[in-house]
Each structure stands twice: as structure tokens, then as C-alpha cells.
Amino acid sequence: MSIPYAAVALARRLFSSLENRKVMLIGSGKMSELSARYLMSAGVGKISVANRTYEHAQTPARGLGGTAVCLDDRLPYLAQADILPRSNGCSHLIFRR
């Protein structure tokens with residue numbers, strides 16, 4: 001079982017349904033895209049892709065029918081997200097209380 005698959009399984013346990021849930025992916029690499037594909041097949045609604053480099057978020061967001069977000073501008077999108085898979089290479093915290 002892959003980590004993205006396990007994340008979707010956990011989300012299914014936390015929510016009665018993933019239908020129309022909003023997702024904000026942190027990172028724009030292969031693991032984020034795989035997470036998005038699993039989530040989309042489970043019926044999630046809107047997907048945004050946040051990345052440190054806006055240009056790197058554009059391609060996967062476009063392919064998913066979602067929205068690209070610069071990580072520095074994440075707060076309005078974060079406030080709307082139900083599910084927040086993180087698949088980036090940051091060695092430091094990017095979310096604080």
C-alpha cells in the first residue's frame with residue numbers, strides 16, 4: 001500500500017464521504033499528483049496545489065482541473081480545505097498553530 005493510498009483511506013475514515021470535499025495539496029511532485037488522483041477517484045470536489053514555486057504548481061493543477069497556489073499565499077485556500085496532504089521536501093515546519 002502506498003502512502004497516498006493510505007492517506008485517502010484515512011480521510012475516508014475521518015469523513016463519512018469524500019464527495020465534494022476540498023483538498024489543498026502541499027507540494028507538486030509525483031506523490032502529490034498520486035494523492036490527488038486517489039482523492040479524485042473518491043469523489044473530492046475542488047483541488048488546489050500549493051508549491052514554493054508558483055510555476056511548479058501550475059502544471060499539476062491544470063492537469064487536475066484545480067488551482068495553482070504559491071505557498072506564501074496559501075492561507076485563504078488553507079482556510080477552505082477539508083483535506084491537506086503534504087508531500088513536499090521541506091525540512092522545516094510550514095504550518096504553525
# chains A, B, ... in the order shown; residues from 1 in each chain; ligands from 1

call {"tool": "closest_atom_pairs", "arguments": {"of": "segment 5-48 of chain A", "to": "segment 52-56 of chain A", "cutoff": "9 Å", "atoms": "only C-alpha atoms", "output": "CSV"}}
result
residue,atom,partner,partner_atom,distance
A:Gly27,CA,A:Arg52,CA,7.8
A:Ser28,CA,A:His56,CA,6.5
A:Gly29,CA,A:His56,CA,8.7

call {"tool": "write_last_selection", "arguments": {"atoms": "all heavy atoms", "output": "CSV table (one decimal), in the first residue's frame"}}
result
chain,number,residue,atom,x,y,z
A,27,GLY,N,2.9,20.7,-2.2
A,27,GLY,CA,3.9,20.1,-3.0
A,27,GLY,C,3.3,19.7,-4.3
A,27,GLY,O,2.1,19.5,-4.4
A,28,SER,N,4.1,19.7,-5.4
A,28,SER,CA,3.6,19.5,-6.7
A,28,SER,C,4.3,18.3,-7.4
A,28,SER,O,4.2,18.2,-8.6
A,28,SER,CB,3.7,20.7,-7.5
A,28,SER,OG,5.1,21.1,-7.7
A,29,GLY,N,4.9,17.4,-6.6
A,29,GLY,CA,5.6,16.3,-7.2
A,29,GLY,C,4.7,15.1,-7.5
A,29,GLY,O,3.5,15.2,-7.4

call {"tool": "select_by_dssp", "arguments": {"residues": "segment 18-82 of chain A", "states": "strand (DSSP E or B)", "output": "MDAnalysis selection string"}}
result
chainID A and resid 23:26 47:51 67:70

call {"tool": "residues_around", "arguments": {"residues": "Leu10 of chain A", "least_positions_apart": "6", "cutoff": "12 Å", "atoms": "only C-alpha atoms", "output": "ChimeraX atom specification"}}
result
/A:3-4,16-18,39,83-85

call {"tool": "write_last_selection", "arguments": {"atoms": "C-alpha atoms", "output": "short mmCIF file (atom, residue, chain, number, x, y, z; two decimals), in the first residue's frame"}}
result
data_model
loop_
_atom_site.label_atom_id
_atom_site.label_comp_id
_atom_site.auth_asym_id
_atom_site.auth_seq_id
_atom_site.Cartn_x
_atom_site.Cartn_y
_atom_site.Cartn_z
CA ILE A 3 1.41 6.42 1.37
CA PRO A 4 -1.03 8.42 -0.83
CA SER A 16 -18.42 9.91 6.17
CA SER A 17 -17.90 10.76 2.49
CA LEU A 18 -15.20 12.45 0.43
CA LEU A 39 -8.76 11.61 -3.91
CA ILE A 83 -8.07 17.64 3.45
CA LEU A 84 -4.43 18.71 3.39
CA PRO A 85 -1.99 16.09 2.10
#

call {"tool": "select_by_dssp", "arguments": {"residues": "chain A", "states": "helix (DSSP H, G or I)", "output": "MDAnalysis selection string"}}
result
chainID A and resid 3:14 30:41 54:64 71:73 75:80

call {"tool": "write_last_selection", "arguments": {"atoms": "C-alpha atoms", "output": "CSV table (one decimal), in the first residue's frame"}}
result
chain,number,residue,atom,x,y,z
A,3,ILE,CA,1.4,6.4,1.4
A,4,PRO,CA,-1.0,8.4,-0.8
A,5,TYR,CA,-3.4,5.5,-0.8
A,6,ALA,CA,-3.2,5.2,3.0
A,7,ALA,CA,-3.8,8.9,3.3
A,8,VAL,CA,-7.0,8.6,1.3
A,9,ALA,CA,-8.1,5.6,3.3
A,10,LEU,CA,-7.6,7.6,6.5
A,11,ALA,CA,-9.6,10.5,5.0
A,12,ARG,CA,-12.4,8.1,4.2
A,13,ARG,CA,-12.4,7.0,7.9
A,14,LEU,CA,-12.5,10.6,9.2
A,30,LYS,CA,4.6,12.7,-8.1
A,31,MET,CA,3.4,11.8,-4.7
A,32,SER,CA,1.1,14.8,-4.6
A,33,GLU,CA,-0.3,14.0,-8.0
A,34,LEU,CA,-0.8,10.4,-7.0
A,35,SER,CA,-2.7,11.6,-3.8
A,36,ALA,CA,-4.8,13.8,-6.0
A,37,ARG,CA,-5.7,11.0,-8.4
A,38,TYR,CA,-6.8,8.8,-5.5
A,39,LEU,CA,-8.8,11.6,-3.9
A,40,MET,CA,-10.4,12.5,-7.2
A,41,SER,CA,-11.5,8.9,-7.7
A,54,TYR,CA,4.1,29.0,-8.3
A,55,GLU,CA,5.1,27.8,-11.8
A,56,HIS,CA,5.7,24.3,-10.5
A,57,ALA,CA,2.2,24.2,-9.1
A,58,GLN,CA,0.6,25.3,-12.4
A,59,THR,CA,1.2,22.1,-14.4
A,60,PRO,CA,-0.3,19.6,-11.9
A,61,ALA,CA,-3.1,22.0,-11.0
A,62,ARG,CA,-4.0,22.3,-14.7
A,63,GLY,CA,-3.9,18.6,-15.2
A,64,LEU,CA,-6.2,18.0,-12.2
A,71,LEU,CA,2.9,28.5,-0.9
A,72,ASP,CA,3.3,32.1,0.5
A,73,ASP,CA,-0.3,32.8,-0.5
A,75,LEU,CA,-3.8,30.9,3.9
A,76,PRO,CA,-7.1,31.7,2.1
A,77,TYR,CA,-7.0,28.3,0.4
A,78,LEU,CA,-6.0,26.6,3.6
A,79,ALA,CA,-9.0,28.0,5.5
A,80,GLN,CA,-11.3,26.4,2.9

call {"tool": "residues_around", "arguments": {"residues": "Ile47 of chain A", "least_positions_apart": "5", "cutoff": "8 Å", "atoms": "only C-alpha atoms", "output": "number ranges by chain"}}
result
A: 22-25, 36, 61, 64-67

call {"tool": "atom_distance", "arguments": {"atom1": "atom CA of Asn51 of chain A", "atom2": "atom CA of Cys70 of chain A"}}
result
5.4 Å

call {"tool": "closest_residue", "arguments": {"among": "A:Arg86, A:Ile26, A:Ala81, A:Gly45", "to": "Ala68 of chain A", "atoms": "only C-alpha atoms"}}
result
A:Ile26
